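Notes follow the structure.
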Amino acid sequence: MLRIVLALVAGSLFGTGLMLSGMTDTTKVQGWLDIFGSWDPTLAFVMGGALLPMALAWRLIEGRKPAAGGSFPAPPQTELDRRLIIGSVLFGAGWGLAGLCPGPAMASLSYNGWQGALFLAAMACGMVAAPRLSRHLDRRAAKA
Amino acid sequence: METDWIQGFAGGMLIGLGGAVYLFGNGRIMGASGILGGLLDGSGRNSAAERLAFIAGVIFMPLLVGLLAGTPATYASSNPIVLISAGLLVGVGTRMANGCTSGHGVCGISRLSLRGITATGVYMLAGILTLAVLRQILGMI
(Lines give C-alpha, C1' and ligand atoms only; values in the text may rest on other atoms or scores of the structure.)
Protein backbone atom coordinates (compact mmCIF):
# COMPACT_ATOMS: atom_id res chain seq x y z
CA MET A 1 0.00 0.00 0.00
CA LEU A 2 2.82 2.41 0.87
CA ARG A 3 4.36 1.78 -2.57
CA ILE A 4 1.12 2.80 -4.25
CA VAL A 5 0.66 5.96 -2.17
CA LEU A 6 4.27 7.04 -2.75
CA ALA A 7 3.97 6.34 -6.49
CA LEU A 8 0.82 8.47 -6.59
CA VAL A 9 2.61 11.30 -4.75
CA ALA A 10 5.64 11.06 -7.06
CA GLY A 11 3.42 11.05 -10.15
CA SER A 12 1.43 14.03 -8.87
CA LEU A 13 4.60 16.06 -8.25
CA PHE A 14 5.99 15.04 -11.65
CA GLY A 15 2.77 15.88 -13.53
CA THR A 16 2.33 19.25 -11.79
CA GLY A 17 5.97 20.10 -12.42
CA LEU A 18 5.63 19.29 -16.12
CA MET A 19 2.51 21.44 -16.34
CA LEU A 20 4.02 24.42 -14.48
CA SER A 21 7.44 24.30 -16.12
CA GLY A 22 6.29 24.69 -19.71
CA MET A 23 7.22 21.14 -20.77
CA THR A 24 3.69 20.62 -22.11
CA ASP A 25 3.90 23.81 -24.21
CA THR A 26 5.09 22.56 -27.59
CA THR A 27 6.31 26.02 -28.68
CA LYS A 28 8.70 26.11 -25.69
CA VAL A 29 10.03 22.62 -26.35
CA GLN A 30 10.43 23.19 -30.08
CA GLY A 31 11.83 26.65 -29.28
CA TRP A 32 14.54 25.02 -27.14
CA LEU A 33 15.52 22.72 -30.02
CA ASP A 34 15.21 25.43 -32.69
CA ILE A 35 18.70 26.84 -32.21
CA PHE A 36 18.77 28.26 -35.74
CA GLY A 37 15.43 30.03 -35.23
CA SER A 38 14.08 31.98 -32.25
CA TRP A 39 15.77 29.97 -29.50
CA ASP A 40 13.97 29.62 -26.15
CA PRO A 41 16.24 28.81 -23.17
CA THR A 42 13.41 27.95 -20.72
CA LEU A 43 14.10 24.20 -20.82
CA ALA A 44 17.61 24.74 -19.45
CA PHE A 45 16.03 26.15 -16.27
CA VAL A 46 13.60 23.23 -16.10
CA MET A 47 16.45 20.75 -16.36
CA GLY A 48 18.52 22.68 -13.83
CA GLY A 49 15.64 22.77 -11.36
CA ALA A 50 15.01 19.05 -11.79
CA LEU A 51 18.65 18.01 -11.49
CA LEU A 52 19.17 19.69 -8.09
CA PRO A 53 16.80 17.53 -5.98
CA MET A 54 17.71 14.40 -7.96
CA ALA A 55 21.47 14.87 -7.58
CA LEU A 56 20.92 15.33 -3.84
CA ALA A 57 18.70 12.24 -3.73
CA TRP A 58 21.36 10.04 -5.37
CA ARG A 59 23.84 11.16 -2.69
CA LEU A 60 21.45 10.68 0.21
CA ILE A 61 20.47 7.08 -0.62
CA GLU A 62 23.98 5.85 0.21
CA GLY A 63 23.77 3.34 3.02
CA ARG A 64 19.95 3.44 3.24
CA LYS A 65 17.01 1.31 2.12
CA PRO A 66 13.92 2.46 0.18
CA ALA A 67 11.08 3.50 2.52
CA ALA A 68 8.66 1.00 0.99
CA GLY A 69 11.12 -1.91 0.97
CA GLY A 70 13.20 -3.52 -1.76
CA SER A 71 16.53 -2.10 -2.82
CA PHE A 72 17.87 0.89 -4.69
CA PRO A 73 18.81 0.65 -8.38
CA ALA A 74 22.14 -0.96 -9.24
CA PRO A 75 24.95 1.37 -10.38
CA PRO A 76 24.29 2.56 -13.94
CA GLN A 77 25.38 0.38 -16.85
CA THR A 78 28.18 1.87 -18.91
CA GLU A 79 27.74 0.05 -22.23
CA LEU A 80 26.71 2.34 -25.10
CA ASP A 81 24.91 -0.07 -27.39
CA ARG A 82 23.19 0.20 -30.74
CA ARG A 83 19.72 0.29 -29.19
CA LEU A 84 20.56 3.29 -27.00
CA ILE A 85 21.83 5.34 -29.92
CA ILE A 86 19.23 4.38 -32.56
CA GLY A 87 16.39 4.63 -30.05
CA SER A 88 17.52 8.09 -28.94
CA VAL A 89 17.77 9.28 -32.56
CA LEU A 90 14.18 8.13 -33.23
CA PHE A 91 12.95 9.65 -29.98
CA GLY A 92 14.67 12.97 -30.63
CA ALA A 93 13.20 13.19 -34.13
CA GLY A 94 9.68 12.62 -32.78
CA TRP A 95 10.27 15.02 -29.89
CA GLY A 96 11.34 17.75 -32.31
CA LEU A 97 8.51 17.00 -34.73
CA ALA A 98 5.66 17.41 -32.21
CA GLY A 99 7.32 19.02 -29.17
CA LEU A 100 6.05 16.34 -26.80
CA CYS A 101 7.86 13.61 -24.88
CA PRO A 102 6.27 10.78 -22.82
CA GLY A 103 5.84 12.57 -19.45
CA PRO A 104 4.27 15.77 -20.81
CA ALA A 105 2.11 13.73 -23.22
CA MET A 106 0.51 12.07 -20.18
CA ALA A 107 0.45 15.19 -17.98
CA SER A 108 -1.34 17.28 -20.61
CA LEU A 109 -3.97 14.69 -21.50
CA SER A 110 -6.69 16.71 -19.74
CA TYR A 111 -5.92 19.99 -21.53
CA ASN A 112 -4.18 19.16 -24.79
CA GLY A 113 -7.29 18.42 -26.88
CA TRP A 114 -7.64 15.67 -29.46
CA GLN A 115 -4.14 16.50 -30.66
CA GLY A 116 -2.56 15.43 -27.38
CA ALA A 117 -4.76 12.33 -27.17
CA LEU A 118 -3.83 11.27 -30.72
CA PHE A 119 -0.12 11.74 -30.00
CA LEU A 120 -0.45 9.71 -26.79
CA ALA A 121 -2.31 6.90 -28.57
CA ALA A 122 0.34 6.73 -31.32
CA MET A 123 3.07 6.78 -28.67
CA ALA A 124 1.42 3.86 -26.85
CA CYS A 125 1.30 1.88 -30.14
CA GLY A 126 4.99 2.63 -30.68
CA MET A 127 5.78 1.40 -27.18
CA VAL A 128 3.94 -1.87 -27.80
CA ALA A 129 5.76 -2.38 -31.12
CA ALA A 130 9.18 -1.43 -29.75
CA PRO A 131 10.32 -4.79 -28.26
CA ARG A 132 9.70 -6.55 -31.58
CA LEU A 133 11.52 -3.85 -33.53
CA SER A 134 14.44 -3.97 -31.09
CA ARG A 135 14.77 -7.74 -31.50
CA HIS A 136 14.65 -7.35 -35.29
CA LEU A 137 17.44 -4.79 -35.05
CA ASP A 138 19.53 -7.14 -32.89
CA ARG A 139 19.07 -10.01 -35.35
CA ARG A 140 20.15 -7.89 -38.29
CA ALA A 141 23.17 -6.69 -36.35
CA ALA A 142 24.08 -10.29 -35.48
CA LYS A 143 23.92 -11.28 -39.15
CA ALA A 144 26.03 -8.38 -40.37
CA MET B 1 7.44 36.03 -21.00
CA GLU B 2 10.04 37.21 -18.50
CA THR B 3 8.73 34.96 -15.75
CA ASP B 4 9.02 31.83 -17.93
CA TRP B 5 12.38 30.85 -16.50
CA ILE B 6 11.12 31.17 -12.90
CA GLN B 7 8.16 28.94 -13.67
CA GLY B 8 10.46 26.62 -15.57
CA PHE B 9 12.84 26.37 -12.63
CA ALA B 10 10.04 25.92 -10.06
CA GLY B 11 8.33 23.29 -12.24
CA GLY B 12 11.68 21.60 -12.73
CA MET B 13 12.14 21.41 -8.95
CA LEU B 14 8.77 19.65 -8.66
CA ILE B 15 9.83 17.20 -11.38
CA GLY B 16 13.05 16.46 -9.51
CA LEU B 17 11.18 16.19 -6.22
CA GLY B 18 8.86 13.61 -7.81
CA GLY B 19 11.92 11.65 -8.92
CA ALA B 20 13.40 11.88 -5.40
CA VAL B 21 10.17 10.59 -3.81
CA TYR B 22 10.03 7.66 -6.25
CA LEU B 23 13.68 6.83 -5.56
CA PHE B 24 13.58 7.19 -1.77
CA GLY B 25 10.17 5.60 -1.43
CA ASN B 26 10.00 2.82 -3.99
CA GLY B 27 13.68 2.47 -4.86
CA ARG B 28 12.96 3.04 -8.52
CA ILE B 29 14.13 5.38 -11.25
CA MET B 30 11.38 7.73 -12.31
CA GLY B 31 11.25 7.31 -16.08
CA ALA B 32 7.94 8.16 -17.77
CA SER B 33 8.51 5.94 -20.82
CA GLY B 34 9.67 2.98 -18.73
CA ILE B 35 6.76 3.18 -16.30
CA LEU B 36 4.15 3.42 -19.07
CA GLY B 37 5.92 1.14 -21.55
CA GLY B 38 6.43 -1.65 -19.02
CA LEU B 39 2.72 -1.58 -18.35
CA LEU B 40 1.85 -1.71 -22.06
CA ASP B 41 4.22 -4.46 -23.19
CA GLY B 42 3.71 -6.62 -20.11
CA SER B 43 7.32 -6.48 -18.89
CA GLY B 44 6.24 -4.56 -15.77
CA ARG B 45 3.45 -6.93 -14.77
CA ASN B 46 4.83 -7.47 -11.26
CA SER B 47 4.76 -3.77 -10.46
CA ALA B 48 1.57 -2.87 -12.35
CA ALA B 49 -0.18 -1.31 -9.34
CA GLU B 50 2.51 1.23 -8.53
CA ARG B 51 2.95 2.04 -12.23
CA LEU B 52 -0.77 2.71 -12.54
CA ALA B 53 -0.73 4.85 -9.38
CA PHE B 54 2.17 6.90 -10.74
CA ILE B 55 0.43 7.44 -14.09
CA ALA B 56 -2.83 8.35 -12.31
CA GLY B 57 -0.93 11.07 -10.45
CA VAL B 58 0.70 12.34 -13.65
CA ILE B 59 -2.63 12.60 -15.47
CA PHE B 60 -5.09 13.62 -12.74
CA MET B 61 -3.09 16.11 -10.66
CA PRO B 62 -2.70 18.48 -13.66
CA LEU B 63 -6.43 18.05 -14.28
CA LEU B 64 -7.13 19.08 -10.68
CA VAL B 65 -4.65 21.97 -10.72
CA GLY B 66 -6.08 23.05 -14.07
CA LEU B 67 -9.60 23.19 -12.66
CA LEU B 68 -8.41 25.36 -9.77
CA ALA B 69 -5.83 27.58 -11.42
CA GLY B 70 -6.35 27.25 -15.17
CA THR B 71 -4.35 25.32 -17.75
CA PRO B 72 -1.29 26.50 -19.66
CA ALA B 73 -1.32 26.99 -23.43
CA THR B 74 -0.18 23.98 -25.46
CA TYR B 75 -0.09 24.81 -29.20
CA ALA B 76 0.20 21.19 -30.33
CA SER B 77 0.14 20.60 -34.09
CA SER B 78 -3.28 19.89 -35.63
CA ASN B 79 -1.80 17.84 -38.45
CA PRO B 80 -2.72 14.18 -37.77
CA ILE B 81 0.21 12.91 -39.85
CA VAL B 82 2.66 14.92 -37.76
CA LEU B 83 1.05 13.78 -34.49
CA ILE B 84 0.89 10.09 -35.42
CA SER B 85 4.41 9.86 -36.85
CA ALA B 86 5.87 11.84 -33.93
CA GLY B 87 4.00 9.66 -31.42
CA LEU B 88 5.23 6.45 -33.06
CA LEU B 89 8.82 7.73 -33.16
CA VAL B 90 8.71 8.77 -29.49
CA GLY B 91 7.10 5.48 -28.42
CA VAL B 92 9.47 3.20 -30.32
CA GLY B 93 12.56 5.33 -29.66
CA THR B 94 12.16 5.72 -25.91
CA ARG B 95 11.53 2.00 -25.37
CA MET B 96 14.38 0.99 -27.66
CA ALA B 97 16.75 3.39 -25.85
CA ASN B 98 15.24 2.35 -22.52
CA GLY B 99 14.54 5.91 -21.40
CA CYS B 100 13.39 9.41 -22.25
CA THR B 101 13.76 12.95 -20.90
CA SER B 102 12.91 11.92 -17.33
CA GLY B 103 14.76 8.59 -17.03
CA HIS B 104 17.88 9.29 -19.12
CA GLY B 105 17.69 13.07 -18.75
CA VAL B 106 16.75 13.97 -15.18
CA CYS B 107 17.55 10.71 -13.36
CA GLY B 108 20.52 9.65 -15.51
CA ILE B 109 22.42 12.94 -15.72
CA SER B 110 21.95 13.59 -11.98
CA ARG B 111 23.86 10.37 -11.19
CA LEU B 112 26.39 11.03 -13.97
CA SER B 113 25.32 7.93 -15.90
CA LEU B 114 27.26 7.62 -19.15
CA ARG B 115 24.24 6.09 -20.90
CA GLY B 116 21.93 8.84 -19.63
CA ILE B 117 24.28 11.63 -20.68
CA THR B 118 24.89 10.03 -24.08
CA ALA B 119 21.19 9.41 -24.74
CA THR B 120 20.33 12.99 -23.78
CA GLY B 121 23.01 14.36 -26.09
CA VAL B 122 21.81 12.17 -28.96
CA TYR B 123 18.08 12.88 -28.65
CA MET B 124 18.68 16.61 -28.25
CA LEU B 125 20.87 16.60 -31.34
CA ALA B 126 18.25 14.63 -33.28
CA GLY B 127 15.60 17.13 -32.15
CA ILE B 128 17.78 20.10 -33.14
CA LEU B 129 18.37 18.57 -36.59
CA THR B 130 14.66 17.88 -37.00
CA LEU B 131 13.80 21.52 -36.27
CA ALA B 132 16.65 22.78 -38.47
CA VAL B 133 15.52 20.74 -41.47
CA LEU B 134 11.73 20.71 -41.12
CA ARG B 135 11.30 24.28 -39.82
CA GLN B 136 14.26 26.37 -40.92
CA ILE B 137 14.98 24.76 -44.29
CA LEU B 138 11.66 23.28 -45.44
CA GLY B 139 9.28 25.45 -43.38
CA MET B 140 7.02 22.46 -42.75
CA ILE B 141 6.45 22.51 -38.97
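Letters A, B, ... go to the chains of the C-alpha coordinates in the order shown; residues in each chain start at 1; ligands are counted from 1 in the same order.
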Checklist entry - Where in stretch 47-101 of chain A does DSSP assign alpha helix (DSSP H), given as a PyMOL selection string? => result chain A and resi 47-60+82-98
Checklist entry - Residues of chain A within 6 Å of chain B, using only C-alpha atoms, as a PyMOL selection string? => result chain A and resi 3-4+7-8+10-17+20-21+25-26+33-34+42+45-46+49-51+53-55+57+66-68+71-72+76+78+83-84+87-94+96-98+102-103+106-107+110+119+122-123+126-128+130
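Among the candidates A:Gln30, A:Leu43, A:Leu56, A:Leu80, the one nearest to B:Ile117 when counting only C-alpha atoms is A:Leu80.
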